[in-house]
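data17.cif (mmCIF, C-alpha atoms and all ligand atoms) appears below.
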data_coords
loop_
_atom_site.label_atom_id
_atom_site.label_comp_id
_atom_site.auth_asym_id
_atom_site.auth_seq_id
_atom_site.Cartn_x
_atom_site.Cartn_y
_atom_site.Cartn_z
CA MET A 1 103.45 102.72 103.98
CA GLY A 2 106.93 102.63 105.45
CA PRO A 3 108.82 105.84 105.96
CA THR A 4 112.23 104.69 107.09
CA ARG A 5 115.20 104.87 104.78
CA ARG A 6 117.56 102.05 105.40
CA ARG A 7 118.84 101.90 101.88
CA ALA A 8 121.61 104.39 102.56
CA ARG A 9 125.13 103.13 102.87
CA ARG A 10 126.85 104.25 106.01
CA PRO A 11 128.81 107.47 105.63
CA GLN A 12 132.36 107.69 106.81
CA PRO A 13 131.96 109.70 109.98
CA ARG A 14 134.49 110.66 112.59
CA TRP A 15 133.93 107.63 114.79
CA SER A 16 134.27 107.95 118.51
CA LEU A 17 135.01 104.90 120.62
CA ARG A 18 131.92 105.66 122.68
CA ALA A 19 129.67 105.79 119.63
CA ARG A 20 130.98 102.43 118.46
CA VAL A 21 130.78 100.66 121.79
CA ARG A 22 127.40 101.75 123.08
CA PRO A 23 125.17 100.21 120.37
CA ALA A 24 127.17 97.01 120.56
CA ALA A 25 126.74 96.99 124.32
CA ARG A 26 122.98 97.33 124.00
CA THR A 27 122.84 94.45 121.56
CA ALA A 28 124.91 92.39 123.96
CA TYR A 29 122.53 93.29 126.75
CA ARG A 30 119.53 92.08 124.81
CA ARG A 31 121.25 88.85 123.97
CA LEU A 32 122.77 88.10 127.34
CA GLY A 33 119.90 89.14 129.60
CA ASP A 34 120.96 89.11 133.23
CA LEU A 35 124.65 89.00 132.47
CA GLY A 36 124.29 92.05 130.24
CA ARG A 37 122.26 93.81 132.91
CA ARG A 38 124.99 93.21 135.48
CA LEU A 39 127.64 94.47 133.07
CA LEU A 40 125.81 97.54 131.80
CA GLY A 41 123.57 98.57 134.68
CA PRO A 42 119.79 98.82 135.02
CA GLY A 43 117.84 100.21 132.11
CA ALA A 44 120.37 99.50 129.40
CA GLY A 45 118.92 97.67 126.43
CA ALA A 46 115.33 98.04 127.59
CA ALA A 47 112.56 99.00 125.14
CA PRO A 48 112.96 102.68 124.22
CA ALA A 49 111.50 104.97 126.85
CA GLY A 50 109.19 107.67 125.57
CA PRO A 51 109.05 111.31 126.50
CA ASP A 52 107.64 112.19 129.92
CA PRO A 53 103.88 112.73 129.39
CA GLU A 54 103.99 115.31 132.19
CA THR A 55 106.42 117.51 130.24
CA PRO A 56 104.74 118.79 127.08
CA PRO A 57 106.78 120.16 124.19
CA TRP A 58 105.58 123.73 124.69
CA LEU A 59 107.77 123.91 127.84
CA PRO A 60 111.36 125.07 127.21
CA LEU A 61 114.03 122.43 126.77
CA PRO A 62 116.40 122.06 129.75
CA PRO A 63 119.58 124.14 129.54
CA GLY A 64 123.06 122.64 129.22
CA GLY A 65 124.01 119.21 127.98
CA ALA A 66 126.45 118.53 125.18
CA ALA A 67 123.67 116.53 123.50
CA THR A 68 119.97 117.07 124.13
CA CYS A 69 117.08 115.17 122.55
CA THR A 70 114.30 117.49 121.42
CA VAL A 71 111.79 114.62 121.61
CA CYS A 72 112.36 113.15 125.10
CA ARG A 73 114.72 115.76 126.66
CA TRP A 74 117.47 113.21 127.30
CA GLN A 75 120.83 114.87 127.95
CA GLY A 76 124.29 113.36 127.72
CA ASP A 77 127.69 113.63 126.08
CA ALA A 78 126.74 112.42 122.58
CA PHE A 79 124.04 110.68 120.58
CA ASP A 80 124.67 107.09 119.56
CA GLY A 81 126.02 106.57 116.05
CA PRO A 82 127.63 108.88 113.53
CA ALA A 83 126.50 112.41 112.66
CA HIS A 84 123.85 111.46 110.10
CA VAL A 85 120.15 112.29 109.83
CA GLU A 86 119.15 108.62 110.04
CA LEU A 87 121.93 107.13 112.15
CA SER A 88 122.44 109.58 115.03
CA VAL A 89 120.10 108.17 117.67
CA CYS A 90 118.91 109.27 121.11
CA PRO A 91 119.95 106.52 123.54
CA ARG A 92 116.77 106.99 125.56
CA CYS A 93 113.84 107.25 123.12
CA GLY A 94 115.42 106.14 119.85
CA ALA A 95 114.73 109.42 118.02
CA ASN A 96 117.07 109.87 115.09
CA GLY A 97 118.18 113.14 113.60
CA ARG A 98 115.10 113.75 111.51
CA ASP A 99 112.75 112.88 114.40
CA ARG A 100 114.55 115.44 116.54
CA PHE A 101 114.55 118.06 113.78
CA LEU A 102 110.84 117.53 113.09
CA HIS A 103 110.01 118.15 116.75
CA TRP A 104 112.32 121.14 116.89
CA CYS A 105 110.51 122.61 113.87
CA LEU A 106 107.13 121.80 115.44
CA ALA A 107 108.01 123.70 118.60
CA ARG A 108 109.49 126.66 116.65
CA ARG A 109 106.73 127.07 114.07
CA VAL A 110 103.44 126.02 115.68
CA ASP A 111 101.67 127.68 118.59
CA LEU A 112 101.53 124.51 120.64
CA GLY A 113 98.89 123.59 123.21
CA PRO A 114 96.66 120.72 124.31
CA HIS A 115 93.87 121.89 122.01
CA LEU A 116 95.73 120.91 118.83
CA ARG A 117 94.43 118.12 116.61
CA VAL A 118 97.57 116.36 115.37
CA ILE A 119 97.91 113.58 112.82
CA GLU A 120 101.25 111.87 112.25
CA CYS A 121 101.66 109.75 109.14
CA SER A 122 103.45 106.46 109.84
CA PRO A 123 105.55 107.67 112.78
CA ARG A 124 108.86 105.87 113.13
CA LEU A 125 108.80 105.89 116.94
CA GLY A 126 106.80 103.35 118.87
CA PRO A 127 104.21 103.03 121.65
CA ALA A 128 105.94 105.09 124.36
CA TYR A 129 106.35 108.05 122.00
CA ARG A 130 102.80 107.77 120.73
CA ALA A 131 101.43 107.58 124.27
CA ALA A 132 103.21 110.81 125.16
CA MET A 133 101.92 112.55 122.02
CA THR A 134 98.40 111.33 122.87
CA SER A 135 98.70 112.84 126.34
CA TRP A 136 99.75 116.23 124.95
CA PHE A 137 97.47 116.61 121.92
CA PHE A 138 94.39 115.16 120.25
CA TYR A 139 96.81 112.86 118.46
CA ARG A 140 96.35 110.04 116.00
CA ALA A 141 99.09 108.04 114.29
CA THR A 142 97.98 106.91 110.86
CA ASP A 143 99.15 104.23 108.50
CA HIS A 144 97.89 102.84 105.24
CA ASP A 145 98.83 99.18 105.24
CA GLN A 146 99.43 98.75 109.00
CA ARG A 147 102.58 96.73 108.32
CA SER A 148 105.70 98.24 109.79
CA HIS A 149 104.23 101.32 111.44
CA ALA A 150 100.73 100.30 112.51
CA GLY A 151 98.81 103.40 113.56
CA HIS A 152 95.60 104.33 115.36
CA LEU A 153 93.92 105.16 112.06
CA ARG A 154 94.14 103.43 108.73
CA LEU A 155 94.27 106.19 106.15
CA ASP A 156 95.05 106.26 102.47
CA LEU A 157 96.65 109.65 101.98
CA GLN A 158 95.43 109.70 98.38
CA ALA A 159 91.80 109.53 99.60
CA ILE A 160 91.68 110.60 103.25
CA GLU A 161 88.45 109.56 104.93
CA LEU A 162 88.22 112.65 107.11
CA PRO A 163 86.10 115.79 106.75
CA ASP A 164 87.44 119.13 105.57
CA ASP A 165 89.28 121.45 107.99
CA CYS A 166 89.44 118.91 110.85
CA VAL A 167 93.18 118.84 111.62
CA ASP A 168 95.55 121.50 112.98
CA VAL A 169 98.91 119.80 112.40
CA VAL A 170 100.01 117.02 110.07
CA LEU A 171 103.46 115.52 110.71
CA CYS A 172 104.56 113.64 107.60
CA SER A 173 108.13 112.36 107.52
CA HIS A 174 109.53 110.15 104.77
CA VAL A 175 106.16 109.03 103.47
CA LEU A 176 105.58 111.15 100.36
CA GLU A 177 108.40 109.53 98.38
CA HIS A 178 106.48 106.25 98.61
CA VAL A 179 103.29 107.67 97.08
CA ARG A 180 102.70 107.56 93.35
CA ASP A 181 100.17 110.42 93.06
CA VAL A 182 101.86 113.22 95.02
CA ASP A 183 99.44 115.92 93.82
CA LYS A 184 96.49 113.92 95.13
CA VAL A 185 98.11 113.51 98.57
CA LEU A 186 99.00 117.19 98.85
CA SER A 187 95.48 118.15 97.81
CA GLU A 188 93.99 115.82 100.43
CA LEU A 189 96.30 117.08 103.19
CA ARG A 190 95.42 120.66 102.28
CA ARG A 191 91.72 119.78 102.40
CA VAL A 192 91.73 118.23 105.89
CA LEU A 193 93.93 120.95 107.43
CA ALA A 194 92.00 123.76 109.08
CA PRO A 195 92.76 127.43 108.32
CA GLY A 196 95.96 128.33 110.16
CA GLY A 197 97.03 124.68 110.24
CA HIS A 198 100.48 123.36 109.43
CA LEU A 199 101.80 120.48 107.39
CA LEU A 200 105.36 119.73 108.55
CA LEU A 201 106.82 117.67 105.75
CA GLN A 202 110.10 115.79 105.47
CA VAL A 203 111.30 113.74 102.52
CA PRO A 204 114.78 112.51 101.66
CA VAL A 205 116.39 115.38 99.71
CA LEU A 206 119.34 113.75 97.98
CA GLN A 207 119.46 115.89 94.85
CA GLY A 208 118.50 119.34 93.60
CA ARG A 209 115.49 118.52 91.44
CA THR A 210 112.68 115.96 91.68
CA SER A 211 112.80 112.86 89.51
CA PRO A 212 111.69 109.25 89.67
CA PRO A 213 114.45 106.86 90.77
CA ALA A 214 116.71 105.91 87.88
CA ALA A 215 116.41 102.28 88.93
CA PRO A 216 113.74 100.55 91.05
CA GLU A 217 114.30 101.50 94.66
CA VAL A 218 112.75 99.67 97.59
CA HIS A 219 113.26 100.37 101.26
CA ALA A 220 113.94 97.67 103.80
CA ASP A 221 110.26 97.34 104.72
CA ALA A 222 109.45 96.52 101.07
CA THR A 223 107.84 99.88 100.25
CA PRO A 224 108.79 101.11 96.78
CA VAL A 225 110.20 104.60 96.29
CA HIS A 226 108.35 106.48 93.52
CA TRP A 227 110.07 109.85 93.85
CA ARG A 228 113.43 111.31 94.70
CA PHE A 229 112.47 114.82 95.68
CA GLY A 230 114.40 118.02 95.18
CA LEU A 231 113.98 121.65 96.10
CA ASP A 232 111.27 122.19 93.46
CA LEU A 233 108.88 120.48 95.89
CA THR A 234 108.41 123.97 97.38
CA GLY A 235 106.69 125.12 94.17
CA ARG A 236 104.34 122.14 94.15
CA LEU A 237 103.34 122.85 97.74
CA ARG A 238 102.62 126.48 96.89
CA GLU A 239 100.47 125.38 93.95
CA GLU A 240 98.28 123.58 96.48
CA GLY A 241 97.69 126.86 98.29
CA PHE A 242 100.12 126.46 101.15
CA ALA A 243 102.33 129.31 102.39
CA VAL A 244 105.67 127.54 102.43
CA ASP A 245 109.01 128.00 104.19
CA LEU A 246 111.87 125.54 103.92
CA LEU A 247 113.38 125.15 107.39
CA GLY A 248 117.08 124.40 107.79
CA THR A 249 120.23 125.14 109.75
CA GLU A 250 122.63 128.07 109.73
CA GLU A 251 125.40 125.70 108.63
CA LEU A 252 123.52 125.02 105.39
CA ALA A 253 122.58 128.68 104.88
CA ALA A 254 126.23 129.70 105.33
CA ALA A 255 127.39 127.13 102.79
CA ILE A 256 124.85 128.42 100.26
CA ARG A 257 125.88 132.05 100.90
CA SER A 258 129.62 131.51 100.77
CA GLY A 259 129.78 129.04 97.91
CA ASP A 260 132.13 126.92 100.02
CA ASP A 261 131.30 123.32 100.80
CA PRO A 262 132.36 122.83 104.44
CA TRP A 263 131.72 119.08 104.47
CA GLY A 264 134.87 117.25 103.53
CA VAL A 265 133.39 113.80 104.04
CA ARG A 266 129.83 113.46 102.78
CA ALA A 267 127.24 110.72 103.03
CA PRO A 268 127.50 109.20 99.54
CA GLU A 269 123.76 109.07 98.88
CA PHE A 270 123.54 112.90 98.97
CA ASP A 271 124.58 114.83 95.85
CA VAL A 272 125.74 117.85 97.86
CA PRO A 273 127.23 119.87 94.97
CA ASP A 274 123.95 119.51 93.05
CA LEU A 275 121.94 120.53 96.11
CA LEU A 276 124.06 123.62 96.77
CA ARG A 277 124.04 124.57 93.09
CA THR A 278 120.25 124.24 92.93
CA PHE A 279 119.82 126.34 96.06
CA ARG A 280 121.94 129.08 94.49
CA THR A 281 120.62 129.06 90.95
CA THR A 282 116.85 128.50 91.30
CA GLY A 283 115.91 130.95 94.03
CA ALA A 284 115.42 128.08 96.50
CA ALA A 285 117.84 129.85 98.83
CA ASP A 286 115.18 132.55 99.28
CA ASP A 287 112.79 129.89 100.63
CA LEU A 288 115.25 128.76 103.32
CA VAL A 289 114.47 129.90 106.86
CA VAL A 290 117.13 129.18 109.49
CA VAL A 291 115.64 127.60 112.61
CA ALA A 292 118.85 126.32 114.25
CA ASP A 293 122.13 128.19 114.69
CA ASP A 294 125.41 126.30 114.89
CA ALA A 295 125.26 125.84 118.67
CA ALA A 296 121.70 124.45 118.51
CA ALA A 297 122.57 122.19 115.58
CA ARG A 298 125.48 120.68 117.51
CA ARG A 299 123.53 120.29 120.73
CA PHE A 300 120.44 118.72 119.17
CA GLY A 301 122.31 116.70 116.54
CA PHE A 302 121.23 118.50 113.32
CA VAL A 303 124.55 117.94 111.54
CA PRO A 304 125.68 117.86 108.82
CA GLY A 305 123.41 120.70 107.71
CA TYR A 306 122.73 119.50 104.16
CA GLN A 307 120.82 116.52 105.60
CA PHE A 308 118.31 118.57 107.62
CA LEU A 309 115.34 120.13 105.84
CA THR A 310 111.66 120.40 106.79
CA TRP A 311 108.93 122.08 104.76
CA ASP A 312 106.58 124.16 106.90
CA CYS A 313 103.36 124.45 104.88
CA ARG A 314 100.76 126.75 106.43
CA VAL A 315 97.14 126.99 105.45
CA PRO A 316 96.26 130.67 105.16
CA GLY A 317 93.63 131.98 107.54
ZN ZN A 401 115.10 111.07 123.02
#
Could you render the structure from this file as structure tokens?
Amino acid sequence: MGPTRRRARRPQPRWSLRARVRPAARTAYRRLGDLGRRLLGPGAGAAPAGPDPETPPWLPLPPGGAATCTVCRWQGDAFDGPAHVELSVCPRCGANGRDRFLHWCLARRVDLGPHLRVIECSPRLGPAYRAAMTSWFFYRATDHDQRSHAGHLRLDLQAIELPDDCVDVVLCSHVLEHVRDVDKVLSELRRVLAPGGHLLLQVPVLQGRTSPPAAPEVHADATPVHWRFGLDLTGRLREEGFAVDLLGTEELAAAIRSGDDPWGVRAPEFDVPDLLRTFRTTGAADDLVVVADDAAARRFGFVPGYQFLTWDCRVPG
């Protein structure tokens, strides 16, 4: 199971010289070894560093910083890459926009502590991140085919070999679109989550309503895409018995309220007019809960707002 989306064409962002040069410099470092190290300084180009295991996510994030990573607490002037959910990357730990938003939602919506039993389906981030998560929680990374995101546990989400009510949090980002039988997966996730537990779910939301891809769609790690989800996913989650909120940013909420589209240049894979229209006309706007104001969205890199959505699905009890 491979969650990353690399299919997207690059948007046309407002490039900064810094954003263009830094990734190229890291590549040069890897290729040139000692010469690169002398040019760029110690640490540049090394394997991504994980979060500090001594600093759990239930502690407040440090103040200040034009850019702050919600995963590893790195602070600096700007994330690498353009403002895009997949392409804006923390220079320290490699977290992209959706990784940072998922962890922001986790800290906002779940009463965190070392007692939590956490499962993460095919996490994008590697060993340093997983080691930190393991130090903070009873944490297991899972994967089905163990190809591109090999995990601690091999689990088929359509038939999870775990007992009922044994998990407090499931983090599931960009996996569900690769599963044929979505109802079976949601039923299984609901079954293994304990009362009061949370499923924090992210999928690519490129259009207003769910449909299969019009043409065969395969991500770079050869995993086929079975579904292009829309805002009606909320209803399916509620049918499984979850209490559901759709978490987003104030920038998105303001665009839905005003009817104005503030994004002049949009990533071409997102049908923004259709998304905004569906929010307004189907009642999906009532499901939206703002978890990041404009200042937080800028600081943590949750822009543009139409690209940042997480479903918080709580098990009653
Ligand atoms: Zn980071």
Query - Option closest in space to Cys172 of chain A, from A:Asn96, A:Thr55, A:Thr142, A:Ser187 [counting only C-alpha atoms] - result: A:Thr142
Query raised in the report: Looking at all atoms listed in the file, which of A:His103, A:Arg228, A:Arg299, A:Arg117 is the one that sits closest to Pro57 of chain A?
Result: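 Ranking A:His103, A:Arg228, A:Arg299, A:Arg117 by distance to Pro57 of chain A, first place goes to A:His103.
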Query - Given all atoms listed in the file as the counted atoms, nearest of A:Thr249, A:Arg109, A:Phe300, A:Thr234 to ligand ZN 401 (chain A) - result: A:Phe300
So that I can see what lies close to Ser258 of chain A, please list as a short mmCIF file (atom, residue, chain, number, x, y, z; two decimals) with C-alpha atoms, in the coordinates of the input the residues with an atom at most 12 Å from it, counting only C-alpha atoms and leaving out residues fewer than 5 positions away in the same chain.
data_model
loop_
_atom_site.label_atom_id
_atom_site.label_comp_id
_atom_site.auth_asym_id
_atom_site.auth_seq_id
_atom_site.Cartn_x
_atom_site.Cartn_y
_atom_site.Cartn_z
CA GLU A 250 122.63 128.07 109.73
CA GLU A 251 125.40 125.70 108.63
CA LEU A 252 123.52 125.02 105.39
CA ALA A 253 122.58 128.68 104.88
CA LEU A 276 124.06 123.62 96.77
CA ARG A 277 124.04 124.57 93.09
CA ARG A 280 121.94 129.08 94.49
#
**Report entry** 9 Å contact set for Val192 of chain A, all atoms listed in the file, chain neighbours under 3 positions out, as a list in words
**Finding:**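 Counting all atoms listed in the file, the residues come to Ile160, Leu162, Pro163, Asp164, Asp165, Cys166, Val167, Asp168, Ser187, Glu188 and Leu189 of chain A.
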Query - Nearest to ligand ZN 401 (chain A), chosen from A:Ala47, A:Leu61, A:Ala66, A:Arg92, with all atoms listed in the file counted in the distances - result: A:Arg92
Report task. List all protein, DNA and RNA residues that have at least one atom no more than 8 Å from any atom of ligand ZN 401 (chain A), counting all atoms listed in the file, and write them as a list in words. Result ->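 Checked against 8 Å with all atoms listed in the file; the hits are Gly50, Pro51, Thr68, Cys69, Thr70, Val71, Cys72, Arg73, Trp74, Val89, Cys90, Pro91, Arg92, Cys93, Gly94, Ala95 and Arg100 of chain A.
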Can you write just those residues out, C-alpha atoms, as a PDB file, keeping the file's coordinate frame?
ATOM      1  CA  GLY A  50     109.190 107.670 125.570  1.00  0.00           C
ATOM      2  CA  PRO A  51     109.050 111.310 126.500  1.00  0.00           C
ATOM      3  CA  THR A  68     119.970 117.070 124.130  1.00  0.00           C
ATOM      4  CA  CYS A  69     117.080 115.170 122.550  1.00  0.00           C
ATOM      5  CA  THR A  70     114.300 117.490 121.420  1.00  0.00           C
ATOM      6  CA  VAL A  71     111.790 114.620 121.610  1.00  0.00           C
ATOM      7  CA  CYS A  72     112.360 113.150 125.100  1.00  0.00           C
ATOM      8  CA  ARG A  73     114.720 115.760 126.660  1.00  0.00           C
ATOM      9  CA  TRP A  74     117.470 113.210 127.300  1.00  0.00           C
ATOM     10  CA  VAL A  89     120.100 108.170 117.670  1.00  0.00           C
ATOM     11  CA  CYS A  90     118.910 109.270 121.110  1.00  0.00           C
ATOM     12  CA  PRO A  91     119.950 106.520 123.540  1.00  0.00           C
ATOM     13  CA  ARG A  92     116.770 106.990 125.560  1.00  0.00           C
ATOM     14  CA  CYS A  93     113.840 107.250 123.120  1.00  0.00           C
ATOM     15  CA  GLY A  94     115.420 106.140 119.850  1.00  0.00           C
ATOM     16  CA  ALA A  95     114.730 109.420 118.020  1.00  0.00           C
ATOM     17  CA  ARG A 100     114.550 115.440 116.540  1.00  0.00           C
TER      18      ARG A 100
END
Query raised in the report: When you draw a straight line from atom CA of Phe101 of chain A to atom CA of Asp80 of chain A, how long is it in Å?
Result: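 Between atom CA of Phe101 of chain A and atom CA of Asp80 of chain A the gap is 16.0 Å.
Relative to atom CA of Glu177 of chain A, atom CA of Glu217 of chain A is found at 10.6 Å.
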Query raised in the report: What does the distance from atom CA of Thr282 of chain A to atom CA of Arg209 of chain A come to in Å, to one decimal?
Result: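 It comes out at 10.1 Å.
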Find the residues around segment 178-185 of chain A up to 12 Å (all atoms listed in the file counted), leave out those fewer than 2 positions away in its own chain, and share them as an mmCIF file with C-alpha atoms, in the frame of the given file.
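Writing the result to selection-v6.cif gives the following:
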data_model
loop_
_atom_site.group_PDB
_atom_site.id
_atom_site.type_symbol
_atom_site.label_atom_id
_atom_site.label_comp_id
_atom_site.auth_asym_id
_atom_site.auth_seq_id
_atom_site.Cartn_x
_atom_site.Cartn_y
_atom_site.Cartn_z
ATOM 1 C CA MET A 1 103.450 102.720 103.980
ATOM 2 C CA GLY A 2 106.930 102.630 105.450
ATOM 3 C CA PRO A 3 108.820 105.840 105.960
ATOM 4 C CA THR A 4 112.230 104.690 107.090
ATOM 5 C CA ARG A 5 115.200 104.870 104.780
ATOM 6 C CA CYS A 121 101.660 109.750 109.140
ATOM 7 C CA SER A 122 103.450 106.460 109.840
ATOM 8 C CA HIS A 144 97.890 102.840 105.240
ATOM 9 C CA LEU A 155 94.270 106.190 106.150
ATOM 10 C CA ASP A 156 95.050 106.260 102.470
ATOM 11 C CA LEU A 157 96.650 109.650 101.980
ATOM 12 C CA GLN A 158 95.430 109.700 98.380
ATOM 13 C CA ALA A 159 91.800 109.530 99.600
ATOM 14 C CA ILE A 160 91.680 110.600 103.250
ATOM 15 C CA CYS A 172 104.560 113.640 107.600
ATOM 16 C CA SER A 173 108.130 112.360 107.520
ATOM 17 C CA HIS A 174 109.530 110.150 104.770
ATOM 18 C CA VAL A 175 106.160 109.030 103.470
ATOM 19 C CA LEU A 176 105.580 111.150 100.360
ATOM 20 C CA SER A 187 95.480 118.150 97.810
ATOM 21 C CA GLU A 188 93.990 115.820 100.430
ATOM 22 C CA LEU A 189 96.300 117.080 103.190
ATOM 23 C CA ARG A 190 95.420 120.660 102.280
ATOM 24 C CA ARG A 191 91.720 119.780 102.400
ATOM 25 C CA VAL A 192 91.730 118.230 105.890
ATOM 26 C CA LEU A 199 101.800 120.480 107.390
ATOM 27 C CA VAL A 203 111.300 113.740 102.520
ATOM 28 C CA PRO A 204 114.780 112.510 101.660
ATOM 29 C CA THR A 210 112.680 115.960 91.680
ATOM 30 C CA PRO A 212 111.690 109.250 89.670
ATOM 31 C CA PRO A 213 114.450 106.860 90.770
ATOM 32 C CA PRO A 216 113.740 100.550 91.050
ATOM 33 C CA GLU A 217 114.300 101.500 94.660
ATOM 34 C CA VAL A 218 112.750 99.670 97.590
ATOM 35 C CA HIS A 219 113.260 100.370 101.260
ATOM 36 C CA ASP A 221 110.260 97.340 104.720
ATOM 37 C CA ALA A 222 109.450 96.520 101.070
ATOM 38 C CA THR A 223 107.840 99.880 100.250
ATOM 39 C CA PRO A 224 108.790 101.110 96.780
ATOM 40 C CA VAL A 225 110.200 104.600 96.290
ATOM 41 C CA HIS A 226 108.350 106.480 93.520
ATOM 42 C CA TRP A 227 110.070 109.850 93.850
ATOM 43 C CA ARG A 228 113.430 111.310 94.700
ATOM 44 C CA PHE A 229 112.470 114.820 95.680
ATOM 45 C CA LEU A 233 108.880 120.480 95.890
ATOM 46 C CA GLY A 235 106.690 125.120 94.170
ATOM 47 C CA ARG A 236 104.340 122.140 94.150
ATOM 48 C CA LEU A 237 103.340 122.850 97.740
ATOM 49 C CA ARG A 238 102.620 126.480 96.890
ATOM 50 C CA GLU A 239 100.470 125.380 93.950
ATOM 51 C CA GLU A 240 98.280 123.580 96.480
ATOM 52 C CA GLY A 241 97.690 126.860 98.290
#
Let me know the centre plus edge lengths, in Å and rounded to one decimal, of a box with edges along x, y and z that contains all listed atoms of segment 90-94 of chain A and is padded by 3 Å on every side, as AutoDock Vina command-line options.
--center_x 116.9 --center_y 107.7 --center_z 122.7 --size_x 12.1 --size_y 9.1 --size_z 11.7
Report task. With a distance cut-off of 9 Å and only C-alpha atoms, select the neighbouring residues of Phe308 of chain A, excluding the residue or stretch itself and same-chain residues fewer than 2 positions from it, and output the selection as a ChimeraX atom specification. Result -> /A:85,97-98,101,202,205,247-249,252,302-306,310
Using the atoms already present, construct N, CA and C atoms for segment 287-300 of chain A and hand them back as a short mmCIF file (atom, residue, chain, number, x, y, z; two decimals), keeping the file's coordinate frame.
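Final output, saved to out22.cif:
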data_model
loop_
_atom_site.label_atom_id
_atom_site.label_comp_id
_atom_site.auth_asym_id
_atom_site.auth_seq_id
_atom_site.Cartn_x
_atom_site.Cartn_y
_atom_site.Cartn_z
N ASP A 287 113.83 130.60 99.88
CA ASP A 287 112.79 129.89 100.63
C ASP A 287 113.31 129.39 101.98
N LEU A 288 114.65 129.38 102.13
CA LEU A 288 115.25 128.76 103.32
C LEU A 288 115.12 129.69 104.53
N VAL A 289 114.59 129.16 105.60
CA VAL A 289 114.47 129.90 106.86
C VAL A 289 115.29 129.14 107.90
N VAL A 290 116.25 129.82 108.51
CA VAL A 290 117.13 129.18 109.49
C VAL A 290 116.39 129.05 110.82
N VAL A 291 116.30 127.83 111.32
CA VAL A 291 115.64 127.60 112.61
C VAL A 291 116.61 127.06 113.66
N ALA A 292 117.88 126.82 113.27
CA ALA A 292 118.85 126.32 114.25
C ALA A 292 120.22 126.92 113.93
N ASP A 293 120.77 127.68 114.89
CA ASP A 293 122.13 128.19 114.69
C ASP A 293 123.14 127.05 114.93
N ASP A 294 124.41 127.37 114.80
CA ASP A 294 125.41 126.30 114.89
C ASP A 294 125.41 125.63 116.26
N ALA A 295 125.24 126.42 117.31
CA ALA A 295 125.26 125.84 118.67
C ALA A 295 124.07 124.89 118.85
N ALA A 296 122.88 125.31 118.39
CA ALA A 296 121.70 124.45 118.51
C ALA A 296 121.86 123.19 117.67
N ALA A 297 122.41 123.34 116.46
CA ALA A 297 122.57 122.19 115.58
C ALA A 297 123.50 121.15 116.20
N ARG A 298 124.56 121.63 116.85
CA ARG A 298 125.48 120.68 117.51
C ARG A 298 124.80 120.01 118.69
N ARG A 299 124.11 120.81 119.49
CA ARG A 299 123.53 120.29 120.73
C ARG A 299 122.40 119.29 120.45
N PHE A 300 121.60 119.57 119.44
CA PHE A 300 120.44 118.72 119.17
C PHE A 300 120.72 117.68 118.08
#
